[in-house]
file work-v6.pdb (PDB, N, CA and C atoms)
ATOM      1  N   MET A  49     -26.232 -28.176 -41.526
ATOM      2  CA  MET A  49     -27.121 -28.964 -42.324
ATOM      3  C   MET A  49     -26.584 -28.994 -43.752
ATOM      4  N   GLY A  50     -26.627 -30.136 -44.360
ATOM      5  CA  GLY A  50     -26.203 -30.273 -45.741
ATOM      6  C   GLY A  50     -27.245 -31.008 -46.548
ATOM      7  N   HIS A  51     -27.583 -30.467 -47.715
ATOM      8  CA  HIS A  51     -28.516 -31.105 -48.637
ATOM      9  C   HIS A  51     -27.757 -31.427 -49.909
ATOM     10  N   SER A  52     -28.008 -32.606 -50.448
ATOM     11  CA  SER A  52     -27.391 -33.035 -51.683
ATOM     12  C   SER A  52     -25.869 -33.017 -51.530
ATOM     13  N   TYR A  53     -25.152 -32.365 -52.451
ATOM     14  CA  TYR A  53     -23.693 -32.328 -52.387
ATOM     15  C   TYR A  53     -23.199 -31.650 -51.109
ATOM     16  N   GLY A  54     -24.047 -30.832 -50.492
ATOM     17  CA  GLY A  54     -23.680 -30.175 -49.238
ATOM     18  C   GLY A  54     -23.323 -31.157 -48.146
ATOM     19  N   GLY A  55     -23.769 -32.403 -48.261
ATOM     20  CA  GLY A  55     -23.401 -33.421 -47.285
ATOM     21  C   GLY A  55     -21.906 -33.656 -47.241
ATOM     22  N   VAL A  56     -21.262 -33.613 -48.397
ATOM     23  CA  VAL A  56     -19.815 -33.789 -48.451
ATOM     24  C   VAL A  56     -19.132 -32.583 -47.804
ATOM     25  N   VAL A  57     -19.641 -31.407 -48.069
ATOM     26  CA  VAL A  57     -19.047 -30.183 -47.535
ATOM     27  C   VAL A  57     -19.154 -30.148 -46.012
ATOM     28  N   ILE A  58     -20.332 -30.459 -45.471
ATOM     29  CA  ILE A  58     -20.471 -30.371 -44.018
ATOM     30  C   ILE A  58     -19.709 -31.479 -43.314
ATOM     31  N   THR A  59     -19.482 -32.599 -43.997
ATOM     32  CA  THR A  59     -18.694 -33.663 -43.382
ATOM     33  C   THR A  59     -17.304 -33.139 -43.047
ATOM     34  N   GLU A  60     -16.709 -32.411 -43.957
ATOM     35  CA  GLU A  60     -15.391 -31.829 -43.716
ATOM     36  C   GLU A  60     -15.463 -30.793 -42.601
ATOM     37  N   ALA A  61     -16.506 -29.961 -42.615
ATOM     38  CA  ALA A  61     -16.661 -28.946 -41.567
ATOM     39  C   ALA A  61     -16.864 -29.598 -40.200
ATOM     40  N   GLY A  62     -17.417 -30.788 -40.176
ATOM     41  CA  GLY A  62     -17.657 -31.494 -38.922
ATOM     42  C   GLY A  62     -16.392 -31.909 -38.202
ATOM     43  N   ASN A  63     -15.260 -31.807 -38.854
ATOM     44  CA  ASN A  63     -13.986 -32.127 -38.206
ATOM     45  C   ASN A  63     -13.544 -31.041 -37.226
ATOM     46  N   ASP A  64     -14.162 -29.875 -37.301
ATOM     47  CA  ASP A  64     -13.819 -28.777 -36.396
ATOM     48  C   ASP A  64     -14.343 -29.104 -34.998
ATOM     49  N   PRO A  65     -13.525 -28.954 -33.966
ATOM     50  CA  PRO A  65     -13.960 -29.307 -32.612
ATOM     51  C   PRO A  65     -15.128 -28.471 -32.092
ATOM     52  N   LYS A  66     -15.404 -27.339 -32.697
ATOM     53  CA  LYS A  66     -16.531 -26.513 -32.273
ATOM     54  C   LYS A  66     -17.870 -27.048 -32.769
ATOM     55  N   VAL A  67     -17.834 -27.939 -33.745
ATOM     56  CA  VAL A  67     -19.066 -28.487 -34.320
ATOM     57  C   VAL A  67     -19.554 -29.634 -33.441
ATOM     58  N   VAL A  68     -20.815 -29.520 -33.000
ATOM     59  CA  VAL A  68     -21.360 -30.546 -32.095
ATOM     60  C   VAL A  68     -22.299 -31.510 -32.799
ATOM     61  N   GLY A  69     -22.731 -31.207 -34.012
ATOM     62  CA  GLY A  69     -23.623 -32.108 -34.716
ATOM     63  C   GLY A  69     -23.781 -31.701 -36.166
ATOM     64  N   LEU A  70     -24.158 -32.655 -36.982
ATOM     65  CA  LEU A  70     -24.397 -32.434 -38.405
ATOM     66  C   LEU A  70     -25.753 -33.024 -38.769
ATOM     67  N   VAL A  71     -26.435 -32.387 -39.710
ATOM     68  CA  VAL A  71     -27.716 -32.888 -40.207
ATOM     69  C   VAL A  71     -27.596 -33.061 -41.713
ATOM     70  N   TYR A  72     -27.888 -34.252 -42.192
ATOM     71  CA  TYR A  72     -27.832 -34.555 -43.618
ATOM     72  C   TYR A  72     -29.260 -34.714 -44.139
ATOM     73  N   VAL A  73     -29.594 -34.002 -45.216
ATOM     74  CA  VAL A  73     -30.911 -34.093 -45.818
ATOM     75  C   VAL A  73     -30.725 -34.529 -47.267
ATOM     76  N   ALA A  74     -31.083 -35.780 -47.546
ATOM     77  CA  ALA A  74     -30.910 -36.323 -48.896
ATOM     78  C   ALA A  74     -29.501 -36.028 -49.405
ATOM     79  N   ALA A  75     -28.517 -36.407 -48.609
ATOM     80  CA  ALA A  75     -27.128 -36.073 -48.915
ATOM     81  C   ALA A  75     -26.223 -37.270 -48.652
ATOM     82  N   PRO A  76     -25.113 -37.381 -49.403
ATOM     83  CA  PRO A  76     -24.148 -38.433 -49.102
ATOM     84  C   PRO A  76     -23.435 -38.154 -47.788
ATOM     85  N   VAL A  77     -23.118 -39.230 -47.083
ATOM     86  CA  VAL A  77     -22.416 -39.124 -45.797
ATOM     87  C   VAL A  77     -21.123 -39.923 -45.923
ATOM     88  N   PRO A  78     -20.073 -39.294 -46.445
ATOM     89  CA  PRO A  78     -18.823 -40.036 -46.625
ATOM     90  C   PRO A  78     -18.109 -40.298 -45.304
ATOM     91  N   SER A  79     -17.508 -41.465 -45.205
ATOM     92  CA  SER A  79     -16.666 -41.804 -44.061
ATOM     93  C   SER A  79     -15.257 -41.301 -44.337
ATOM     94  N   ASP A  80     -14.383 -41.420 -43.342
ATOM     95  CA  ASP A  80     -12.992 -41.007 -43.538
ATOM     96  C   ASP A  80     -12.412 -41.703 -44.760
ATOM     97  N   GLY A  81     -11.781 -40.929 -45.612
ATOM     98  CA  GLY A  81     -11.124 -41.481 -46.793
ATOM     99  C   GLY A  81     -12.037 -41.684 -47.986
ATOM    100  N   GLU A  82     -13.341 -41.470 -47.820
ATOM    101  CA  GLU A  82     -14.254 -41.634 -48.948
ATOM    102  C   GLU A  82     -14.391 -40.319 -49.708
ATOM    103  N   SER A  83     -14.704 -40.443 -50.981
ATOM    104  CA  SER A  83     -14.930 -39.286 -51.840
ATOM    105  C   SER A  83     -16.355 -39.357 -52.376
ATOM    106  N   VAL A  84     -16.752 -38.327 -53.076
ATOM    107  CA  VAL A  84     -18.058 -38.352 -53.737
ATOM    108  C   VAL A  84     -18.103 -39.547 -54.688
ATOM    109  N   ALA A  85     -17.010 -39.788 -55.387
ATOM    110  CA  ALA A  85     -16.970 -40.887 -56.350
ATOM    111  C   ALA A  85     -17.173 -42.236 -55.670
ATOM    112  N   SER A  86     -16.529 -42.463 -54.532
ATOM    113  CA  SER A  86     -16.655 -43.773 -53.884
ATOM    114  C   SER A  86     -18.037 -43.968 -53.260
ATOM    115  N   VAL A  87     -18.639 -42.897 -52.765
ATOM    116  CA  VAL A  87     -19.968 -43.004 -52.153
ATOM    117  C   VAL A  87     -21.045 -43.252 -53.208
ATOM    118  N   THR A  88     -20.887 -42.640 -54.383
ATOM    119  CA  THR A  88     -21.926 -42.748 -55.409
ATOM    120  C   THR A  88     -21.664 -43.844 -56.441
ATOM    121  N   LYS A  89     -20.510 -44.490 -56.383
ATOM    122  CA  LYS A  89     -20.143 -45.500 -57.385
ATOM    123  C   LYS A  89     -21.173 -46.617 -57.565
ATOM    124  N   PRO A  90     -21.813 -47.108 -56.488
ATOM    125  CA  PRO A  90     -22.775 -48.200 -56.675
ATOM    126  C   PRO A  90     -24.057 -47.798 -57.413
ATOM    127  N   PHE A  91     -24.261 -46.524 -57.653
ATOM    128  CA  PHE A  91     -25.511 -46.050 -58.228
ATOM    129  C   PHE A  91     -25.307 -45.547 -59.650
ATOM    130  N   PRO A  92     -26.359 -45.576 -60.480
ATOM    131  CA  PRO A  92     -26.221 -45.043 -61.838
ATOM    132  C   PRO A  92     -25.934 -43.541 -61.791
ATOM    133  N   PRO A  93     -25.224 -43.023 -62.788
ATOM    134  CA  PRO A  93     -24.905 -41.598 -62.783
ATOM    135  C   PRO A  93     -26.160 -40.735 -62.892
ATOM    136  N   SER A  94     -26.095 -39.581 -62.283
ATOM    137  CA  SER A  94     -27.183 -38.603 -62.361
ATOM    138  C   SER A  94     -27.161 -37.939 -63.724
ATOM    139  N   PRO A  95     -28.322 -37.679 -64.315
ATOM    140  CA  PRO A  95     -28.336 -36.958 -65.598
ATOM    141  C   PRO A  95     -27.676 -35.581 -65.478
ATOM    142  N   LEU A  96     -27.771 -34.954 -64.321
ATOM    143  CA  LEU A  96     -27.201 -33.623 -64.142
ATOM    144  C   LEU A  96     -25.676 -33.656 -64.075
ATOM    145  N   GLY A  97     -25.100 -34.779 -63.696
ATOM    146  CA  GLY A  97     -23.655 -34.866 -63.487
ATOM    147  C   GLY A  97     -22.810 -34.359 -64.638
ATOM    148  N   ASN A  98     -23.179 -34.680 -65.855
ATOM    149  CA  ASN A  98     -22.417 -34.237 -67.022
ATOM    150  C   ASN A  98     -22.640 -32.770 -67.347
ATOM    151  N   GLU A  99     -23.616 -32.167 -66.687
ATOM    152  CA  GLU A  99     -23.955 -30.770 -66.962
ATOM    153  C   GLU A  99     -23.421 -29.810 -65.902
ATOM    154  N   VAL A 100     -22.662 -30.319 -64.928
ATOM    155  CA  VAL A 100     -22.038 -29.477 -63.911
ATOM    156  C   VAL A 100     -20.567 -29.332 -64.278
ATOM    157  N   LEU A 101     -20.150 -28.110 -64.524
ATOM    158  CA  LEU A 101     -18.784 -27.855 -64.979
ATOM    159  C   LEU A 101     -18.046 -27.001 -63.963
ATOM    160  N   ALA A 102     -16.791 -27.356 -63.701
ATOM    161  CA  ALA A 102     -15.939 -26.560 -62.803
ATOM    162  C   ALA A 102     -15.000 -25.712 -63.647
ATOM    163  N   ASP A 103     -14.855 -24.436 -63.264
ATOM    164  CA  ASP A 103     -13.903 -23.588 -63.982
ATOM    165  C   ASP A 103     -12.528 -23.688 -63.324
ATOM    166  N   ALA A 104     -11.565 -22.952 -63.826
ATOM    167  CA  ALA A 104     -10.181 -23.032 -63.334
ATOM    168  C   ALA A 104     -10.052 -22.619 -61.871
ATOM    169  N   ASP A 105     -10.994 -21.821 -61.370
ATOM    170  CA  ASP A 105     -10.947 -21.373 -59.977
ATOM    171  C   ASP A 105     -11.738 -22.280 -59.041
ATOM    172  N   GLY A 106     -12.332 -23.349 -59.569
ATOM    173  CA  GLY A 106     -13.070 -24.279 -58.737
ATOM    174  C   GLY A 106     -14.515 -23.907 -58.506
ATOM    175  N   PHE A 107     -15.063 -23.003 -59.314
ATOM    176  CA  PHE A 107     -16.472 -22.648 -59.183
ATOM    177  C   PHE A 107     -17.306 -23.514 -60.116
ATOM    178  N   LEU A 108     -18.446 -23.943 -59.611
ATOM    179  CA  LEU A 108     -19.316 -24.828 -60.374
ATOM    180  C   LEU A 108     -20.416 -24.050 -61.072
ATOM    181  N   THR A 109     -20.698 -24.440 -62.296
ATOM    182  CA  THR A 109     -21.794 -23.868 -63.067
ATOM    183  C   THR A 109     -22.549 -25.015 -63.712
ATOM    184  N   VAL A 110     -23.855 -24.911 -63.718
ATOM    185  CA  VAL A 110     -24.693 -25.885 -64.411
ATOM    186  C   VAL A 110     -24.982 -25.317 -65.794
ATOM    187  N   THR A 111     -24.833 -26.141 -66.821
ATOM    188  CA  THR A 111     -25.078 -25.682 -68.184
ATOM    189  C   THR A 111     -26.553 -25.329 -68.359
ATOM    190  N   PRO A 112     -26.854 -24.485 -69.349
ATOM    191  CA  PRO A 112     -28.262 -24.185 -69.619
ATOM    192  C   PRO A 112     -29.079 -25.449 -69.883
ATOM    193  N   LYS A 113     -28.494 -26.418 -70.578
ATOM    194  CA  LYS A 113     -29.189 -27.689 -70.830
ATOM    195  C   LYS A 113     -29.491 -28.406 -69.516
ATOM    196  N   GLY A 114     -28.511 -28.436 -68.617
ATOM    197  CA  GLY A 114     -28.708 -29.091 -67.329
ATOM    198  C   GLY A 114     -29.785 -28.417 -66.497
ATOM    199  N   ILE A 115     -29.813 -27.087 -66.552
ATOM    200  CA  ILE A 115     -30.856 -26.357 -65.816
ATOM    201  C   ILE A 115     -32.221 -26.685 -66.403
ATOM    202  N   ALA A 116     -32.339 -26.597 -67.724
ATOM    203  CA  ALA A 116     -33.629 -26.798 -68.387
ATOM    204  C   ALA A 116     -34.159 -28.224 -68.254
ATOM    205  N   GLU A 117     -33.265 -29.223 -68.367
ATOM    206  CA  GLU A 117     -33.723 -30.607 -68.432
ATOM    207  C   GLU A 117     -33.635 -31.387 -67.119
ATOM    208  N   ASP A 118     -32.715 -31.002 -66.230
ATOM    209  CA  ASP A 118     -32.463 -31.835 -65.059
ATOM    210  C   ASP A 118     -32.651 -31.133 -63.712
ATOM    211  N   LEU A 119     -32.354 -29.861 -63.644
ATOM    212  CA  LEU A 119     -32.385 -29.167 -62.365
ATOM    213  C   LEU A 119     -33.694 -28.428 -62.129
ATOM    214  N   ALA A 120     -34.205 -27.792 -63.152
ATOM    215  CA  ALA A 120     -35.367 -26.918 -62.971
ATOM    216  C   ALA A 120     -36.414 -27.143 -64.053
ATOM    217  N   GLN A 121     -36.603 -28.394 -64.424
ATOM    218  CA  GLN A 121     -37.498 -28.695 -65.537
ATOM    219  C   GLN A 121     -38.935 -28.264 -65.303
ATOM    220  N   ASP A 122     -39.314 -28.045 -64.048
ATOM    221  CA  ASP A 122     -40.693 -27.644 -63.770
ATOM    222  C   ASP A 122     -40.857 -26.129 -63.606
ATOM    223  N   LEU A 123     -39.788 -25.362 -63.810
ATOM    224  CA  LEU A 123     -39.868 -23.907 -63.709
ATOM    225  C   LEU A 123     -40.239 -23.288 -65.056
ATOM    226  N   SER A 124     -40.691 -22.047 -65.011
ATOM    227  CA  SER A 124     -41.003 -21.333 -66.251
ATOM    228  C   SER A 124     -39.708 -21.015 -66.988
ATOM    229  N   ASP A 125     -39.820 -20.682 -68.258
ATOM    230  CA  ASP A 125     -38.637 -20.309 -69.040
ATOM    231  C   ASP A 125     -37.936 -19.107 -68.425
ATOM    232  N   LYS A 126     -38.698 -18.149 -67.925
ATOM    233  CA  LYS A 126     -38.104 -16.960 -67.313
ATOM    234  C   LYS A 126     -37.295 -17.339 -66.071
ATOM    235  N   GLU A 127     -37.820 -18.250 -65.249
ATOM    236  CA  GLU A 127     -37.094 -18.686 -64.047
ATOM    237  C   GLU A 127     -35.836 -19.471 -64.422
ATOM    238  N   LYS A 128     -35.913 -20.274 -65.463
ATOM    239  CA  LYS A 128     -34.731 -21.004 -65.932
ATOM    240  C   LYS A 128     -33.652 -20.042 -66.410
ATOM    241  N   GLN A 129     -34.056 -18.984 -67.106
ATOM    242  CA  GLN A 129     -33.094 -17.980 -67.575
ATOM    243  C   GLN A 129     -32.425 -17.283 -66.400
ATOM    244  N   LEU A 130     -33.176 -17.014 -65.350
ATOM    245  CA  LEU A 130     -32.613 -16.388 -64.159
ATOM    246  C   LEU A 130     -31.578 -17.304 -63.509
ATOM    247  N   LEU A 131     -31.889 -18.586 -63.390
ATOM    248  CA  LEU A 131     -30.930 -19.536 -62.825
ATOM    249  C   LEU A 131     -29.671 -19.617 -63.681
ATOM    250  N   THR A 132     -29.845 -19.644 -64.981
ATOM    251  CA  THR A 132     -28.702 -19.715 -65.894
ATOM    252  C   THR A 132     -27.808 -18.490 -65.739
ATOM    253  N   ALA A 133     -28.405 -17.325 -65.599
ATOM    254  CA  ALA A 133     -27.638 -16.079 -65.501
ATOM    255  C   ALA A 133     -26.971 -15.905 -64.145
ATOM    256  N   SER A 134     -27.401 -16.639 -63.125
ATOM    257  CA  SER A 134     -26.887 -16.408 -61.774
ATOM    258  C   SER A 134     -25.673 -17.256 -61.417
ATOM    259  N   GLY A 135     -25.196 -18.142 -62.297
ATOM    260  CA  GLY A 135     -24.037 -18.964 -61.981
ATOM    261  C   GLY A 135     -22.757 -18.162 -62.012
ATOM    262  N   PRO A 136     -21.611 -18.641 -61.550
ATOM    263  CA  PRO A 136     -21.437 -19.947 -60.906
ATOM    264  C   PRO A 136     -22.049 -19.977 -59.513
ATOM    265  N   TRP A 137     -22.362 -21.159 -59.055
ATOM    266  CA  TRP A 137     -23.132 -21.303 -57.830
ATOM    267  C   TRP A 137     -22.324 -21.631 -56.603
ATOM    268  N   ALA A 138     -21.238 -22.334 -56.741
ATOM    269  CA  ALA A 138     -20.545 -22.798 -55.534
ATOM    270  C   ALA A 138     -19.050 -22.824 -55.748
ATOM    271  N   GLY A 139     -18.309 -22.385 -54.742
ATOM    272  CA  GLY A 139     -16.861 -22.514 -54.755
ATOM    273  C   GLY A 139     -16.505 -23.788 -54.012
ATOM    274  N   ILE A 140     -15.524 -24.494 -54.505
ATOM    275  CA  ILE A 140     -15.137 -25.739 -53.859
ATOM    276  C   ILE A 140     -13.642 -25.745 -53.622
ATOM    277  N   SER A 141     -13.229 -26.402 -52.572
ATOM    278  CA  SER A 141     -11.807 -26.440 -52.244
ATOM    279  C   SER A 141     -11.073 -27.395 -53.169
ATOM    280  N   ALA A 142      -9.769 -27.304 -53.167
ATOM    281  CA  ALA A 142      -8.956 -28.148 -54.050
ATOM    282  C   ALA A 142      -9.192 -29.624 -53.778
ATOM    283  N   GLY A 143      -9.307 -30.017 -52.530
ATOM    284  CA  GLY A 143      -9.518 -31.428 -52.204
ATOM    285  C   GLY A 143     -10.842 -31.943 -52.707
ATOM    286  N   ILE A 144     -11.862 -31.162 -52.529
ATOM    287  CA  ILE A 144     -13.182 -31.571 -53.009
ATOM    288  C   ILE A 144     -13.201 -31.496 -54.530
ATOM    289  N   ARG A 145     -12.493 -30.523 -55.096
ATOM    290  CA  ARG A 145     -12.450 -30.412 -56.556
ATOM    291  C   ARG A 145     -11.891 -31.686 -57.169
ATOM    292  N   ARG A 146     -10.834 -32.244 -56.563
ATOM    293  CA  ARG A 146     -10.268 -33.484 -57.098
ATOM    294  C   ARG A 146     -11.308 -34.601 -57.058
ATOM    295  N   SER A 147     -12.041 -34.708 -55.945
ATOM    296  CA  SER A 147     -13.060 -35.743 -55.838
ATOM    297  C   SER A 147     -14.170 -35.530 -56.849
ATOM    298  N   LEU A 148     -14.597 -34.273 -56.991
ATOM    299  CA  LEU A 148     -15.677 -33.965 -57.910
ATOM    300  C   LEU A 148     -15.255 -34.225 -59.346
ATOM    301  N   THR A 149     -14.037 -33.820 -59.702
ATOM    302  CA  THR A 149     -13.555 -34.052 -61.058
ATOM    303  C   THR A 149     -13.504 -35.542 -61.341
ATOM    304  N   TYR A 150     -13.066 -36.338 -60.365
ATOM    305  CA  TYR A 150     -13.036 -37.782 -60.557
ATOM    306  C   TYR A 150     -14.444 -38.339 -60.723
ATOM    307  N   CYS A 151     -15.370 -37.797 -59.937
ATOM    308  CA  CYS A 151     -16.747 -38.273 -59.972
ATOM    309  C   CYS A 151     -17.408 -37.951 -61.308
ATOM    310  N   LEU A 152     -17.179 -36.739 -61.825
ATOM    311  CA  LEU A 152     -17.804 -36.343 -63.069
ATOM    312  C   LEU A 152     -17.140 -37.033 -64.225
TER     313      LEU A 152
END
call {"tool": "encode", "arguments": {"input": "work-v6.pdb", "output": "structure tokens"}}
result
Amino acid sequence: MGHSYGGVVITEAGNDPKVVGLVYVAAPVPSDGESVASVTKPFPPSPLGNEVLADADGFLTVTPKGIAEDLAQDLSDKEKQLLTASGPWAGISAGIRRSLTYCL
């Protein structure tokens, strides 16, 4: 199952012959040769997009501004601080990193 950006990740995992099905929940479903950038190009950019930063190792972190204003705006200040302190959140492969960097 993939939610949000996880849809791109599970699409790649779906190439494994052991995988019998994929479930996408509010997630992009790229076809062969598509990237995050090509799937999302017809739509306006997400406010959070500029607040997701990849480090040199390919780990993603959301800026404190992005957490406060776009990701967790309905959480308490204490919960926002916890989210900020718990990053980076996701490791991404080199291939996906190229797509993500192009998209951002």
call {"tool": "atom_distance", "arguments": {"input": "work-v6.pdb", "atom1": "atom CA of A:Ala104", "atom2": "atom C of A:Pro92"}}
result
25.9 Å
call {"tool": "residues_around", "arguments": {"input": "work-v6.pdb", "residues": "A:Val110", "least_positions_apart": "4", "cutoff": "7 Å", "atoms": "only C-alpha atoms", "output": "ChimeraX atom specification"}}
result
/A:99-101,114-115
call {"tool": "closest_residue", "arguments": {"input": "work-v6.pdb", "among": "A:Ala102, A:Met49, A:Val57, A:Val84", "to": "A:Leu70", "atoms": "all atoms listed in the file"}}
result
A:Met49
call {"tool": "atom_distance", "arguments": {"input": "work-v6.pdb", "atom1": "atom CA of A:Glu82", "atom2": "atom CA of A:Gly97"}}
result
18.6 Å
call {"tool": "axis_aligned_box", "arguments": {"input": "work-v6.pdb", "around": "stretch 62-75 of chain A", "padding_each_side": "5 Å", "output": "AutoDock Vina command-line options"}}
result
--center_x -22.3 --center_y -31.9 --center_z -40.7 --size_x 27.6 --size_y 20.8 --size_z 27.3
call {"tool": "select_by_dssp", "arguments": {"input": "work-v6.pdb", "residues": "stretch 60-143 of chain A", "states": "alpha helix (DSSP H)", "output": "list in words"}}
result
Glu60, Ala61, Val84, Ala85, Ser86, Val87, Thr88, Pro112, Lys113, Gly114, Asp125, Lys126, Glu127, Lys128, Gln129, Leu130, Leu131, Thr132, Ala133, Ala142 and Gly143 of chain A
call {"tool": "select_by_dssp", "arguments": {"input": "work-v6.pdb", "residues": "stretch 73-138 of chain A", "states": "strand (DSSP E)", "output": "ChimeraX atom specification"}}
result
/A:73,100-102,107-110,138
call {"tool": "atom_distance", "arguments": {"input": "work-v6.pdb", "atom1": "atom N of A:Asp105", "atom2": "atom N of A:Pro78"}}
result
24.7 Å
call {"tool": "closest_residue", "arguments": {"input": "work-v6.pdb", "among": "A:Asp125, A:Asn98, A:Phe91, A:Gly62", "to": "A:Thr111", "atoms": "only N, CA and C atoms"}}
result
A:Asn98
call {"tool": "closest_residue", "arguments": {"input": "work-v6.pdb", "among": "A:Val56, A:Leu96, A:Ala61, A:Leu131", "to": "A:Ala74", "atoms": "only C-alpha atoms"}}
result
A:Val56
call {"tool": "closest_residue", "arguments": {"input": "work-v6.pdb", "among": "A:Gly55, A:Lys126, A:Thr109, A:Pro95", "to": "A:Ala75", "atoms": "all atoms listed in the file"}}
result
A:Gly55
call {"tool": "closest_residue", "arguments": {"input": "work-v6.pdb", "among": "A:Asp64, A:Ser134, A:Pro93, A:Val87", "to": "A:Leu108", "atoms": "only C-alpha atoms"}}
result
A:Ser134
call {"tool": "residues_around", "arguments": {"input": "work-v6.pdb", "residues": "A:Gly50", "least_positions_apart": "3", "cutoff": "5 Å", "atoms": "all atoms listed in the file", "output": "PyMOL selection string"}}
result
chain A and resi 54-55+71-73
